[in-house]
There are 2 protein chains.
Amino acid sequence: MPELRQNILLKEWVIIATERSKRPDQLREEKLNCESAYPSHDENCPFCPGNEEKTGNTTTLDQMEINGKWHIRVIPNKYPALLPLDDGFSVNTSGFFRSMDGIGHHEVLIEHPQHNLTVALYEPTHVYHILRMYQKRMAHLMSFPYVESVILFRNHGSRAGASLVHPHSQIIALPVIPRDVMARMNESIRYHEEHRACIFCTMLERELEAGTRIVYESEYFVAFVPYAAFSPFAVWIFPRKHKSSFLYATEEELADLSVVLREVLRKLYFGLNDPDYNYIVRSAPQGYSHTAFFHWYITIVPRLTRSAGFELGSGMFINPSIPEENAAFLRELVLPSD
Amino acid sequence: MPELRQNILLKEWVIIATERSKRPDQLREEKLNCESAYPSHDENCPFCPGNEEKTGNTTTLDQMEINGKWHIRVIPNKYPALLPLDDGFSVNTSGFFRSMDGIGHHEVLIEHPQHNLTVALYEPTHVYHILRMYQKRMAHLMSFPYVESVILFRNHGSRAGASLVHPHSQIIALPVIPRDVMARMNESIRYHEEHRACIFCTMLERELEAGTRIVYESEYFVAFVPYAAFSPFAVWIFPRKHKSSFLYATEEELADLSVVLREVLRKLYFGLNDPDYNYIVRSAPQGYSHTAFFHWYITIVPRLTRSAGFELGSGMFINPSIPEENAAFLRELVLPSD
């Protein structure tokens with residue numbers, strides 16, 4: 001019998017379609033992984049070292065260097081979705097057709113000089129430096145008075161929307177708080193009012209009690225497949241300690257997170273053969289950085305299924321796999337030695 | 001300057017990314033159209049005539065025949081997302097992990113005996129018969145007491161999630177009302193309370209006044225690119241007459257709609273070279289069939305862009321094209337004679 005499970009953070013139902021359920025080997029990608037498919041340097045790639053001047057992306061907003069060479073580099077997106085505020089902006093929210101100037105920021109964080117790597121293949125210390133740079137850029141962007149929320153994400157592979165192979169993350173600073181972000185906020189406020197507890201802390205407790213959906217645990221973090229995962233092998237990484245904003249993760253916590261994030265991505269890389277994926281750092285929007293109800297986390301979404309008319313029509317999702325089976329597969333996977 | 005536009009039906013902002021804006025010829029598909037790419041009959045296709053017995057889909061729920069041969073056939077989905085209620089079902093909404101049995105219906109409507117056609121290539125009368133069958137099946141599914149809403153949709157092409165080429169639509173009857181469906185309902189209630197008017201009727205009036213986003217008009221329907229379209233060449237078809245449910249469209253209205261729907265899909269087929277797309281009939285859920293605030297409509301979404309980490313992370317969308325330019329292109333397109 002198929003099952004409907006409620007994603008308690010959005011109060012939305014997800015269909016766990018047992019009748020069309022797929023095993024991990026049916027979802028595993030049949031393709032070359034990124035390290036085999038691409039060269040380590042591509043002279044036509046705008047993100048490869050040596051091309052900083054040749055391409056349009058000459059502005060460096062920030063970088064992390066070792067011995068005078070950049071290891072991580074932040075640049076403005078060449079085709080920005082939004083542009084920084086110049087001198088005042090116009091908002092028209094009185095009539096029927098409402099608009100505002102598209103102010104904001106759109107940055108690209110080039111993660112590594114090497115063209116064909118991905119997070120699963122970096123050294124843990126390199127992942128740590130990326131996380132530190134995320135924090136630094138997010139803090140900078142949150143300091144603009146017109147920025148209401150910051151979306152920090154990574155697209156890996158074309159099915160995940162990546163248009164360039166070279167490993168990179170993106171940060172978009174918005175002049176609004178998106179509806180879905182507010183919906184999560186409102187549900188967590190409602191839960192807190194009813195139970196005097198953080199819904200995320202409670203979920204973490206219950207997941208640890210149940211154990212069946214846990215993928216990986218460390219001192220400061222727990223990775224698990226959510227009970228109502230909307231797609232196969234989705235993984236959430238929750239900090240054990242309640243904090244609303246990623247900005248307040250300590251250096252020690254980020255060092256620990258770099259191990260957990262890399263380990264989960266290694267499990268996907270080796271277990272499912274380098275699937276395309278997105279990950280998102282869900283951190284509190286402006287004004288919610290220190291709350292008892294919101295708790296920051298990371299969501300990883302392998303792109304193994306496609307959204308079709310049903311998803312567009314309903315906003316609901318059909319997951320053709322069983323979260324407990326996904327978690328067991330990832331938890332028990334024996335990784336190649338590092 | 002990029003622009004943010006508010007989708008007033010969901011109170012959500014859409015980024016109209018002028019800095020990355022693409023012209024129609026940059027979005028036009030480079031591939032064979034479905035009629036050239038596939039044979040008119042495929043003996044391995046479970047939906048082709050002659051295979052009714054050979055495949056698992058032997059049950060016929062309904063069909064439209066001419067001279068003893070089926071022209072439209074409705075069957076249960078072989079891999080249903082949900083299953084009909086047998087004798088009682090279990091709901092567990094008391095604890096933290098909430099679930100219910102996946103009861104409902106999942107039907108496939110095989111639209112035509114010929115393997116390589118699509119709506120744009122049917123005769124208008126054939127489109128009319130499909131719409132009549134949609135209405136008949138929806139009425140049947142809405143009669144089950146445990147069905148709360150019905151999602152009627154069509155996936156065309158693999159990027160739109162179609163796993164089989166043979167032209168078909170799907171109908172999923174759910175035991176819940178999806179969150180997005182309720183969000184639209186709640187916004188339209190709020191608008192009605194504030195303005196004593198239907199938000200959809202008002203939008204239609206304003207679109208007709210503006211004129212710049214109109215694609216096609218008929219006696220009973222208006223097709224237009226919405227002001228805050230979340231993706232390129234999205235088209236909404238609104239009935240001029242206020243009705244909450246598709247079920248109450250008259251035969252005369254359906255005959256007119258068959259011309260409009262086909263004409264809009266022909267514009268996409270010939271103008272953008274048979275892009276993959278989804279369409280959805282947005283009709284009132286159970287209990288809202290006769291309201292002053294909700295108004296049924298059809299939404300057509302060509303799949304010319306991909307959702308990536310930003311969309312997953314925010315729920316917002318970036319449209320790399322200008323709705324007014326999309327509409328002008330479709331409106332002014334000269335179609336091959338019929």
# chains A, B, ... in the order shown; residues from 1 in each chain; ligands from 1
>>> calpha_fit_and_write(fixed="chain B", moving="chain A", output="compact mmCIF listing (two decimals) with C-alpha atoms, in the first residue's frame")
# COMPACT_ATOMS: atom_id res chain seq x y z
CA MET A 1 17.80 46.29 -14.20
CA PRO A 2 16.29 42.93 -13.19
CA GLU A 3 12.73 43.12 -11.88
CA LEU A 4 10.81 41.28 -9.20
CA ARG A 5 7.14 40.72 -10.03
CA GLN A 6 4.56 39.41 -7.62
CA ASN A 7 2.47 36.38 -8.52
CA ILE A 8 -0.64 37.73 -6.83
CA LEU A 9 -2.32 34.28 -6.70
CA LEU A 10 0.38 32.89 -4.41
CA LYS A 11 1.80 36.18 -3.05
CA GLU A 12 5.21 35.08 -4.24
CA TRP A 13 7.89 37.06 -6.04
CA VAL A 14 9.35 35.96 -9.37
CA ILE A 15 12.70 37.28 -10.62
CA ILE A 16 12.50 38.51 -14.22
CA ALA A 17 16.21 38.29 -14.94
CA THR A 18 16.75 40.87 -17.66
CA GLU A 19 20.55 40.48 -17.40
CA ARG A 20 20.29 36.89 -18.56
CA SER A 21 17.24 37.39 -20.77
CA LYS A 22 16.96 35.08 -23.77
CA ARG A 23 15.28 35.64 -27.12
CA PRO A 24 12.80 33.09 -28.51
CA ASP A 25 15.37 31.75 -30.98
CA GLN A 26 17.76 31.07 -28.08
CA LEU A 27 15.06 29.08 -26.32
CA ARG A 28 13.82 27.24 -29.40
CA GLU A 29 14.59 23.52 -29.23
CA GLU A 30 17.19 21.99 -31.57
CA LYS A 31 15.77 18.52 -32.08
CA LEU A 32 13.33 16.55 -34.19
CA ASN A 33 9.69 17.16 -33.36
CA CYS A 34 7.73 14.19 -32.04
CA GLU A 35 6.06 13.46 -35.38
CA SER A 36 9.45 13.15 -37.14
CA ALA A 37 11.30 11.50 -34.25
CA TYR A 38 8.97 8.52 -33.72
CA PRO A 39 7.02 6.03 -35.85
CA SER A 40 3.22 6.32 -36.05
CA HIS A 41 2.91 2.86 -34.51
CA ASP A 42 5.33 1.08 -32.18
CA GLU A 43 4.66 -2.58 -31.52
CA ASN A 44 6.49 -2.41 -28.19
CA CYS A 45 4.42 0.52 -26.92
CA PRO A 46 1.87 -0.56 -24.29
CA PHE A 47 -0.46 2.26 -25.38
CA CYS A 48 -0.50 1.40 -29.10
CA PRO A 49 -3.60 -0.36 -30.50
CA GLY A 50 -3.19 -4.14 -30.60
CA ASN A 51 -1.22 -4.21 -27.35
CA GLU A 52 -4.20 -3.93 -25.01
CA GLU A 53 -3.90 -7.64 -24.11
CA LYS A 54 -0.16 -8.12 -24.39
CA THR A 55 0.73 -5.56 -21.73
CA GLY A 56 -0.30 -5.31 -18.12
CA ASN A 57 -2.81 -2.56 -18.83
CA THR A 58 -5.75 -4.72 -19.86
CA THR A 59 -8.35 -3.01 -17.67
CA THR A 60 -10.26 -0.34 -19.56
CA LEU A 61 -11.98 2.10 -17.22
CA ASP A 62 -13.62 4.06 -20.02
CA GLN A 63 -13.21 4.72 -23.71
CA MET A 64 -14.48 6.77 -26.63
CA GLU A 65 -15.08 4.68 -29.75
CA ILE A 66 -15.73 5.42 -33.41
CA ASN A 67 -16.91 2.51 -35.55
CA GLY A 68 -16.00 -0.01 -32.88
CA LYS A 69 -12.39 1.20 -32.52
CA TRP A 70 -11.16 3.15 -29.50
CA HIS A 71 -10.02 6.72 -30.11
CA ILE A 72 -9.50 7.61 -26.44
CA ARG A 73 -8.95 5.04 -23.73
CA VAL A 74 -8.71 5.37 -19.94
CA ILE A 75 -6.78 2.76 -17.95
CA PRO A 76 -5.43 2.51 -14.40
CA ASN A 77 -1.76 3.49 -14.12
CA LYS A 78 0.40 0.34 -14.04
CA TYR A 79 2.57 1.91 -11.33
CA PRO A 80 0.00 3.89 -9.37
CA ALA A 81 1.09 6.56 -6.94
CA LEU A 82 -2.08 5.80 -4.91
CA LEU A 83 -4.56 2.91 -4.68
CA PRO A 84 -8.36 2.92 -4.33
CA LEU A 85 -9.81 2.43 -0.89
CA ASP A 86 -10.61 -1.20 -0.14
CA ASP A 87 -12.33 -1.37 3.24
CA GLY A 88 -11.29 1.36 5.59
CA PHE A 89 -7.99 3.09 5.87
CA SER A 90 -5.66 4.11 8.61
CA VAL A 91 -4.61 7.62 9.50
CA ASN A 92 -1.98 8.42 12.09
CA THR A 93 -1.84 12.13 12.73
CA SER A 94 -1.37 12.12 16.49
CA GLY A 95 2.39 11.69 16.86
CA PHE A 96 5.41 13.41 15.42
CA PHE A 97 5.75 11.14 12.39
CA ARG A 98 2.38 11.49 10.66
CA SER A 99 1.12 9.22 7.92
CA MET A 100 -1.97 7.91 6.22
CA ASP A 101 -2.61 5.09 3.78
CA GLY A 102 -1.98 6.16 0.20
CA ILE A 103 -5.57 5.91 -0.96
CA GLY A 104 -6.74 7.56 -4.13
CA HIS A 105 -6.79 6.91 -7.86
CA HIS A 106 -4.22 7.19 -10.62
CA GLU A 107 -5.58 6.96 -14.16
CA VAL A 108 -3.94 7.27 -17.57
CA LEU A 109 -5.93 8.72 -20.45
CA ILE A 110 -4.47 7.46 -23.74
CA GLU A 111 -5.36 10.35 -26.00
CA HIS A 112 -5.03 8.91 -29.47
CA PRO A 113 -4.33 5.57 -31.19
CA GLN A 114 -1.41 7.09 -33.13
CA HIS A 115 1.95 6.84 -31.37
CA ASN A 116 3.73 10.01 -32.50
CA LEU A 117 1.08 12.72 -32.31
CA THR A 118 0.51 15.40 -29.72
CA VAL A 119 -2.36 17.80 -28.94
CA ALA A 120 -1.03 20.42 -31.41
CA LEU A 121 -1.48 17.89 -34.22
CA TYR A 122 -4.96 16.54 -33.39
CA GLU A 123 -8.16 17.61 -35.10
CA PRO A 124 -10.05 20.18 -32.98
CA THR A 125 -12.94 17.70 -32.59
CA HIS A 126 -10.53 15.17 -31.15
CA VAL A 127 -9.32 17.72 -28.60
CA TYR A 128 -12.98 18.33 -27.73
CA HIS A 129 -13.49 14.61 -27.04
CA ILE A 130 -10.40 14.55 -24.81
CA LEU A 131 -11.73 17.50 -22.80
CA ARG A 132 -15.12 15.77 -22.44
CA MET A 133 -13.37 12.63 -21.20
CA TYR A 134 -11.34 14.75 -18.71
CA GLN A 135 -14.61 16.12 -17.38
CA LYS A 136 -16.24 12.70 -17.16
CA ARG A 137 -13.32 11.10 -15.31
CA MET A 138 -12.90 14.08 -12.99
CA ALA A 139 -16.63 13.97 -12.11
CA HIS A 140 -16.34 10.24 -11.41
CA LEU A 141 -13.27 10.64 -9.19
CA MET A 142 -14.74 13.61 -7.30
CA SER A 143 -17.70 11.37 -6.38
CA PHE A 144 -15.59 9.26 -3.97
CA PRO A 145 -16.05 10.55 -0.43
CA TYR A 146 -12.34 10.10 0.41
CA VAL A 147 -11.17 12.17 -2.58
CA GLU A 148 -10.34 15.76 -1.58
CA SER A 149 -8.81 17.00 -4.83
CA VAL A 150 -8.08 15.86 -8.36
CA ILE A 151 -4.90 16.82 -10.27
CA LEU A 152 -5.34 16.53 -14.04
CA PHE A 153 -2.15 16.96 -16.03
CA ARG A 154 -0.26 16.15 -19.19
CA ASN A 155 3.50 15.52 -19.51
CA HIS A 156 4.93 15.94 -23.01
CA GLY A 157 8.56 14.94 -23.52
CA SER A 158 11.18 13.55 -21.16
CA ARG A 159 12.13 16.93 -19.68
CA ALA A 160 8.49 17.25 -18.65
CA GLY A 161 8.68 13.86 -16.92
CA ALA A 162 6.96 11.74 -19.60
CA SER A 163 8.36 8.20 -19.50
CA LEU A 164 6.35 7.03 -22.54
CA VAL A 165 6.18 8.80 -25.91
CA HIS A 166 2.62 7.75 -26.77
CA PRO A 167 0.35 10.77 -26.13
CA HIS A 168 -1.41 10.54 -22.79
CA SER A 169 -2.70 12.55 -19.86
CA GLN A 170 -2.88 11.53 -16.21
CA ILE A 171 -5.38 12.06 -13.44
CA ILE A 172 -4.47 11.65 -9.78
CA ALA A 173 -7.23 11.78 -7.17
CA LEU A 174 -5.83 12.68 -3.73
CA PRO A 175 -7.14 12.13 -0.20
CA VAL A 176 -5.76 15.58 0.77
CA ILE A 177 -5.77 19.13 -0.57
CA PRO A 178 -2.15 20.06 -1.42
CA ARG A 179 -0.61 23.02 0.38
CA ASP A 180 -0.12 25.04 -2.84
CA VAL A 181 -3.74 24.45 -3.88
CA MET A 182 -4.90 25.72 -0.48
CA ALA A 183 -2.51 28.68 -0.68
CA ARG A 184 -4.16 29.79 -3.96
CA MET A 185 -7.57 29.26 -2.37
CA ASN A 186 -6.64 31.30 0.70
CA GLU A 187 -5.22 34.19 -1.36
CA SER A 188 -8.37 34.29 -3.49
CA ILE A 189 -10.57 34.28 -0.36
CA ARG A 190 -8.51 37.12 1.11
CA TYR A 191 -8.79 39.11 -2.14
CA HIS A 192 -12.52 38.53 -2.26
CA GLU A 193 -12.96 39.73 1.32
CA GLU A 194 -10.97 42.86 0.61
CA HIS A 195 -12.36 43.79 -2.82
CA ARG A 196 -15.67 41.88 -3.10
CA ALA A 197 -14.41 40.56 -6.42
CA CYS A 198 -12.89 37.40 -7.84
CA ILE A 199 -9.13 37.83 -8.18
CA PHE A 200 -9.16 35.79 -11.41
CA CYS A 201 -11.97 37.84 -13.00
CA THR A 202 -10.08 41.00 -12.03
CA MET A 203 -6.82 39.67 -13.46
CA LEU A 204 -8.57 38.83 -16.72
CA GLU A 205 -10.03 42.35 -16.94
CA ARG A 206 -6.63 43.94 -16.29
CA GLU A 207 -4.88 41.67 -18.78
CA LEU A 208 -7.42 42.56 -21.47
CA GLU A 209 -6.99 46.29 -20.69
CA ALA A 210 -3.19 46.01 -20.86
CA GLY A 211 -3.24 43.79 -23.96
CA THR A 212 0.53 43.30 -23.97
CA ARG A 213 0.50 39.76 -22.59
CA ILE A 214 -2.47 38.38 -24.56
CA VAL A 215 -1.70 35.39 -26.79
CA TYR A 216 -5.12 34.39 -28.13
CA GLU A 217 -8.79 35.25 -27.53
CA SER A 218 -12.03 33.44 -28.27
CA GLU A 219 -15.68 33.87 -27.32
CA TYR A 220 -15.32 32.05 -24.00
CA PHE A 221 -11.58 31.99 -23.26
CA VAL A 222 -8.48 34.18 -23.10
CA ALA A 223 -4.91 32.83 -23.31
CA PHE A 224 -2.14 35.04 -21.92
CA VAL A 225 1.37 34.96 -20.51
CA PRO A 226 0.96 35.81 -16.82
CA TYR A 227 2.52 39.08 -15.60
CA ALA A 228 4.73 37.19 -13.12
CA ALA A 229 5.30 34.07 -15.26
CA PHE A 230 7.78 31.87 -13.43
CA SER A 231 9.25 30.38 -16.61
CA PRO A 232 9.60 31.32 -20.30
CA PHE A 233 6.47 31.05 -22.46
CA ALA A 234 4.19 29.92 -19.63
CA VAL A 235 0.59 30.47 -20.76
CA TRP A 236 -2.62 30.58 -18.74
CA ILE A 237 -6.01 29.96 -20.34
CA PHE A 238 -8.80 31.61 -18.33
CA PRO A 239 -12.52 31.10 -18.97
CA ARG A 240 -14.20 34.52 -19.29
CA LYS A 241 -17.15 33.26 -17.28
CA HIS A 242 -16.70 32.82 -13.55
CA LYS A 243 -16.95 29.17 -12.50
CA SER A 244 -14.94 27.45 -9.78
CA SER A 245 -14.89 24.01 -11.32
CA PHE A 246 -13.91 22.66 -14.71
CA LEU A 247 -16.80 20.21 -14.18
CA TYR A 248 -19.31 22.96 -14.95
CA ALA A 249 -17.87 24.04 -18.31
CA THR A 250 -20.67 23.56 -20.86
CA GLU A 251 -20.33 21.57 -24.08
CA GLU A 252 -20.25 24.83 -26.01
CA GLU A 253 -17.46 26.14 -23.79
CA LEU A 254 -15.46 22.92 -24.15
CA ALA A 255 -15.82 23.06 -27.94
CA ASP A 256 -14.46 26.61 -27.84
CA LEU A 257 -11.68 25.60 -25.41
CA SER A 258 -10.60 22.77 -27.71
CA VAL A 259 -9.82 25.39 -30.37
CA VAL A 260 -7.99 27.70 -27.95
CA LEU A 261 -5.93 24.96 -26.27
CA ARG A 262 -4.94 23.48 -29.61
CA GLU A 263 -4.08 26.89 -31.05
CA VAL A 264 -1.82 27.82 -28.12
CA LEU A 265 -0.11 24.41 -28.29
CA ARG A 266 0.31 24.81 -32.07
CA LYS A 267 2.03 28.15 -31.43
CA LEU A 268 4.46 26.45 -29.04
CA TYR A 269 4.93 23.46 -31.38
CA PHE A 270 5.70 25.51 -34.49
CA GLY A 271 7.21 28.58 -32.82
CA LEU A 272 9.58 26.82 -30.40
CA ASN A 273 9.94 23.49 -32.24
CA ASP A 274 7.87 21.13 -30.12
CA PRO A 275 9.21 21.98 -26.66
CA ASP A 276 8.61 19.55 -23.79
CA TYR A 277 5.81 20.89 -21.60
CA ASN A 278 3.31 20.19 -18.88
CA TYR A 279 -0.23 21.44 -18.70
CA ILE A 280 -2.51 21.29 -15.70
CA VAL A 281 -6.25 21.87 -15.34
CA ARG A 282 -6.59 23.81 -12.08
CA SER A 283 -10.11 23.11 -10.85
CA ALA A 284 -11.63 23.62 -7.40
CA PRO A 285 -11.00 20.93 -4.79
CA GLN A 286 -13.83 19.14 -2.94
CA GLY A 287 -16.13 21.59 -1.17
CA TYR A 288 -15.14 24.62 -3.27
CA SER A 289 -17.00 23.86 -6.51
CA HIS A 290 -19.38 26.83 -6.29
CA THR A 291 -17.57 29.78 -4.80
CA ALA A 292 -17.43 33.46 -5.64
CA PHE A 293 -13.65 33.54 -5.12
CA PHE A 294 -12.13 30.60 -7.04
CA HIS A 295 -12.08 30.38 -10.84
CA TRP A 296 -10.79 27.34 -12.75
CA TYR A 297 -8.12 27.66 -15.44
CA ILE A 298 -5.44 25.85 -17.43
CA THR A 299 -1.73 26.46 -16.98
CA ILE A 300 0.77 25.45 -19.68
CA VAL A 301 4.46 25.28 -18.69
CA PRO A 302 7.06 24.68 -21.45
CA ARG A 303 10.14 23.09 -19.87
CA LEU A 304 12.81 25.35 -21.36
CA THR A 305 14.77 25.99 -18.17
CA ARG A 306 15.76 23.77 -15.26
CA SER A 307 15.08 24.30 -11.61
CA ALA A 308 18.32 24.32 -9.64
CA GLY A 309 19.49 24.88 -6.08
CA PHE A 310 18.07 28.39 -5.96
CA GLU A 311 14.55 27.22 -6.77
CA LEU A 312 14.78 24.25 -4.37
CA GLY A 313 16.22 26.50 -1.68
CA SER A 314 13.82 29.39 -1.97
CA GLY A 315 10.69 28.09 -3.72
CA MET A 316 11.07 31.21 -5.90
CA PHE A 317 11.77 31.15 -9.64
CA ILE A 318 14.06 33.03 -12.03
CA ASN A 319 12.53 33.65 -15.44
CA PRO A 320 15.26 34.44 -17.99
CA SER A 321 12.80 36.02 -20.45
CA ILE A 322 10.31 38.88 -20.58
CA PRO A 323 6.61 37.90 -20.39
CA GLU A 324 5.55 40.72 -22.78
CA GLU A 325 8.14 39.59 -25.36
CA ASN A 326 7.04 35.95 -25.03
CA ALA A 327 3.41 36.96 -25.56
CA ALA A 328 4.18 39.15 -28.58
CA PHE A 329 6.15 36.32 -30.17
CA LEU A 330 3.31 33.82 -29.71
CA ARG A 331 0.55 36.29 -30.62
CA GLU A 332 2.20 37.38 -33.86
CA LEU A 333 3.40 33.95 -34.95
CA VAL A 334 2.09 32.93 -38.38
CA LEU A 335 1.09 29.27 -38.17
CA PRO A 336 1.18 26.85 -41.10
CA SER A 337 -2.31 26.44 -42.54
CA ASP A 338 -4.33 23.76 -40.85
>>> select_by_dssp(residues="range 163-297 of chain B", states="alpha helix (DSSP H)", output="short mmCIF file (atom, residue, chain, number, x, y, z; two decimals) with N, CA and C atoms, in the first residue's frame")
data_model
loop_
_atom_site.label_atom_id
_atom_site.label_comp_id
_atom_site.auth_asym_id
_atom_site.auth_seq_id
_atom_site.Cartn_x
_atom_site.Cartn_y
_atom_site.Cartn_z
N ARG B 179 -0.91 21.74 -0.23
CA ARG B 179 -0.61 23.04 0.38
C ARG B 179 -0.68 24.18 -0.63
N ASP B 180 -0.11 23.99 -1.83
CA ASP B 180 -0.13 25.06 -2.84
C ASP B 180 -1.54 25.33 -3.34
N VAL B 181 -2.34 24.28 -3.45
CA VAL B 181 -3.73 24.45 -3.89
C VAL B 181 -4.48 25.27 -2.83
N MET B 182 -4.26 24.95 -1.55
CA MET B 182 -4.90 25.71 -0.46
C MET B 182 -4.38 27.13 -0.41
N ALA B 183 -3.09 27.33 -0.72
CA ALA B 183 -2.52 28.69 -0.68
C ALA B 183 -3.22 29.58 -1.71
N ARG B 184 -3.44 29.04 -2.92
CA ARG B 184 -4.16 29.79 -3.95
C ARG B 184 -5.60 30.10 -3.51
N MET B 185 -6.20 29.08 -2.88
CA MET B 185 -7.57 29.24 -2.37
C MET B 185 -7.60 30.36 -1.32
N ASN B 186 -6.66 30.31 -0.38
CA ASN B 186 -6.64 31.30 0.70
C ASN B 186 -6.38 32.71 0.19
N GLU B 187 -5.49 32.85 -0.79
CA GLU B 187 -5.24 34.18 -1.34
C GLU B 187 -6.48 34.71 -2.06
N SER B 188 -7.18 33.81 -2.75
CA SER B 188 -8.36 34.28 -3.49
C SER B 188 -9.50 34.62 -2.51
N ILE B 189 -9.56 33.92 -1.38
CA ILE B 189 -10.56 34.27 -0.35
C ILE B 189 -10.23 35.66 0.22
N ARG B 190 -8.95 35.85 0.54
CA ARG B 190 -8.51 37.13 1.11
C ARG B 190 -8.82 38.30 0.15
N TYR B 191 -8.53 38.05 -1.15
CA TYR B 191 -8.79 39.10 -2.14
C TYR B 191 -10.28 39.40 -2.21
N HIS B 192 -11.07 38.34 -2.17
CA HIS B 192 -12.51 38.53 -2.27
C HIS B 192 -13.06 39.29 -1.06
N GLU B 193 -12.51 38.99 0.12
CA GLU B 193 -12.96 39.71 1.32
C GLU B 193 -12.62 41.19 1.23
N GLU B 194 -11.45 41.49 0.66
CA GLU B 194 -10.99 42.88 0.62
C GLU B 194 -11.68 43.68 -0.48
N HIS B 195 -11.89 43.02 -1.63
CA HIS B 195 -12.37 43.77 -2.79
C HIS B 195 -13.76 43.38 -3.26
N ILE B 199 -10.47 37.39 -7.77
CA ILE B 199 -9.12 37.83 -8.17
C ILE B 199 -8.82 37.40 -9.62
N PHE B 200 -9.38 36.29 -10.03
CA PHE B 200 -9.15 35.79 -11.40
C PHE B 200 -9.91 36.65 -12.41
N CYS B 201 -11.18 36.97 -12.10
CA CYS B 201 -11.97 37.84 -12.99
C CYS B 201 -11.29 39.19 -13.13
N THR B 202 -10.76 39.71 -11.99
CA THR B 202 -10.08 41.01 -12.02
C THR B 202 -8.81 40.93 -12.86
N MET B 203 -8.07 39.84 -12.69
CA MET B 203 -6.83 39.68 -13.46
C MET B 203 -7.14 39.65 -14.96
N LEU B 204 -8.19 38.93 -15.31
CA LEU B 204 -8.57 38.82 -16.72
C LEU B 204 -8.91 40.21 -17.29
N GLU B 205 -9.70 40.98 -16.54
CA GLU B 205 -10.04 42.36 -16.93
C GLU B 205 -8.78 43.18 -17.17
N ARG B 206 -7.87 43.13 -16.20
CA ARG B 206 -6.65 43.93 -16.29
C ARG B 206 -5.75 43.49 -17.43
N GLU B 207 -5.69 42.18 -17.67
CA GLU B 207 -4.88 41.68 -18.79
C GLU B 207 -5.46 42.14 -20.12
N LEU B 208 -6.79 42.13 -20.22
CA LEU B 208 -7.42 42.56 -21.46
C LEU B 208 -7.22 44.07 -21.68
N GLU B 209 -7.29 44.85 -20.60
CA GLU B 209 -7.00 46.28 -20.68
C GLU B 209 -5.56 46.53 -21.16
N ALA B 210 -4.60 45.81 -20.52
CA ALA B 210 -3.18 46.00 -20.84
C ALA B 210 -2.89 45.51 -22.26
N GLU B 251 -20.85 22.19 -22.84
CA GLU B 251 -20.36 21.58 -24.09
C GLU B 251 -19.88 22.63 -25.07
N GLU B 252 -20.62 23.75 -25.11
CA GLU B 252 -20.26 24.83 -26.02
C GLU B 252 -18.92 25.45 -25.60
N GLU B 253 -18.73 25.60 -24.29
CA GLU B 253 -17.47 26.14 -23.80
C GLU B 253 -16.31 25.18 -24.09
N LEU B 254 -16.55 23.89 -23.90
CA LEU B 254 -15.48 22.92 -24.17
C LEU B 254 -15.11 22.89 -25.65
N ALA B 255 -16.11 23.04 -26.51
CA ALA B 255 -15.83 23.07 -27.95
C ALA B 255 -14.94 24.27 -28.28
N ASP B 256 -15.25 25.39 -27.65
CA ASP B 256 -14.45 26.60 -27.85
C ASP B 256 -13.05 26.41 -27.25
N LEU B 257 -12.98 25.82 -26.06
CA LEU B 257 -11.68 25.59 -25.41
C LEU B 257 -10.80 24.67 -26.25
N SER B 258 -11.41 23.70 -26.91
CA SER B 258 -10.60 22.76 -27.71
C SER B 258 -9.85 23.53 -28.81
N VAL B 259 -10.48 24.57 -29.35
CA VAL B 259 -9.82 25.39 -30.38
C VAL B 259 -8.69 26.21 -29.76
N VAL B 260 -8.96 26.82 -28.60
CA VAL B 260 -7.98 27.69 -27.95
C VAL B 260 -6.76 26.89 -27.48
N LEU B 261 -7.02 25.78 -26.79
CA LEU B 261 -5.92 24.96 -26.27
C LEU B 261 -5.03 24.47 -27.41
N ARG B 262 -5.68 23.98 -28.47
CA ARG B 262 -4.93 23.47 -29.61
C ARG B 262 -4.14 24.59 -30.28
N GLU B 263 -4.75 25.77 -30.40
CA GLU B 263 -4.09 26.90 -31.05
C GLU B 263 -2.84 27.34 -30.26
N VAL B 264 -2.96 27.42 -28.95
CA VAL B 264 -1.81 27.81 -28.12
C VAL B 264 -0.71 26.75 -28.23
N LEU B 265 -1.10 25.47 -28.20
CA LEU B 265 -0.10 24.41 -28.29
C LEU B 265 0.52 24.33 -29.69
N ARG B 266 -0.23 24.71 -30.71
CA ARG B 266 0.34 24.80 -32.06
C ARG B 266 1.37 25.93 -32.13
N LYS B 267 1.08 27.03 -31.46
CA LYS B 267 2.04 28.15 -31.43
C LYS B 267 3.35 27.71 -30.77
N LEU B 268 3.25 26.95 -29.69
CA LEU B 268 4.47 26.45 -29.04
C LEU B 268 5.17 25.43 -29.95
N TYR B 269 4.38 24.53 -30.54
CA TYR B 269 4.94 23.46 -31.38
C TYR B 269 5.70 24.02 -32.57
N PHE B 270 5.06 24.96 -33.28
CA PHE B 270 5.71 25.49 -34.49
C PHE B 270 6.68 26.64 -34.18
N GLY B 271 6.37 27.43 -33.14
CA GLY B 271 7.22 28.58 -32.83
C GLY B 271 8.49 28.20 -32.08
#
>>> select_by_dssp(residues="range 57-219 of chain B", states="strand (DSSP E or B)", output="JSON, numbers by chain")
{"B": [62, 63, 64, 65, 66, 69, 70, 71, 72, 73, 74, 75, 76, 83, 91, 92, 99, 100, 101, 103, 105, 106, 107, 108, 109, 110, 149, 150, 151, 152, 153, 154, 155, 156, 168, 169, 170, 171, 172, 173, 174, 214, 215, 216, 217]}
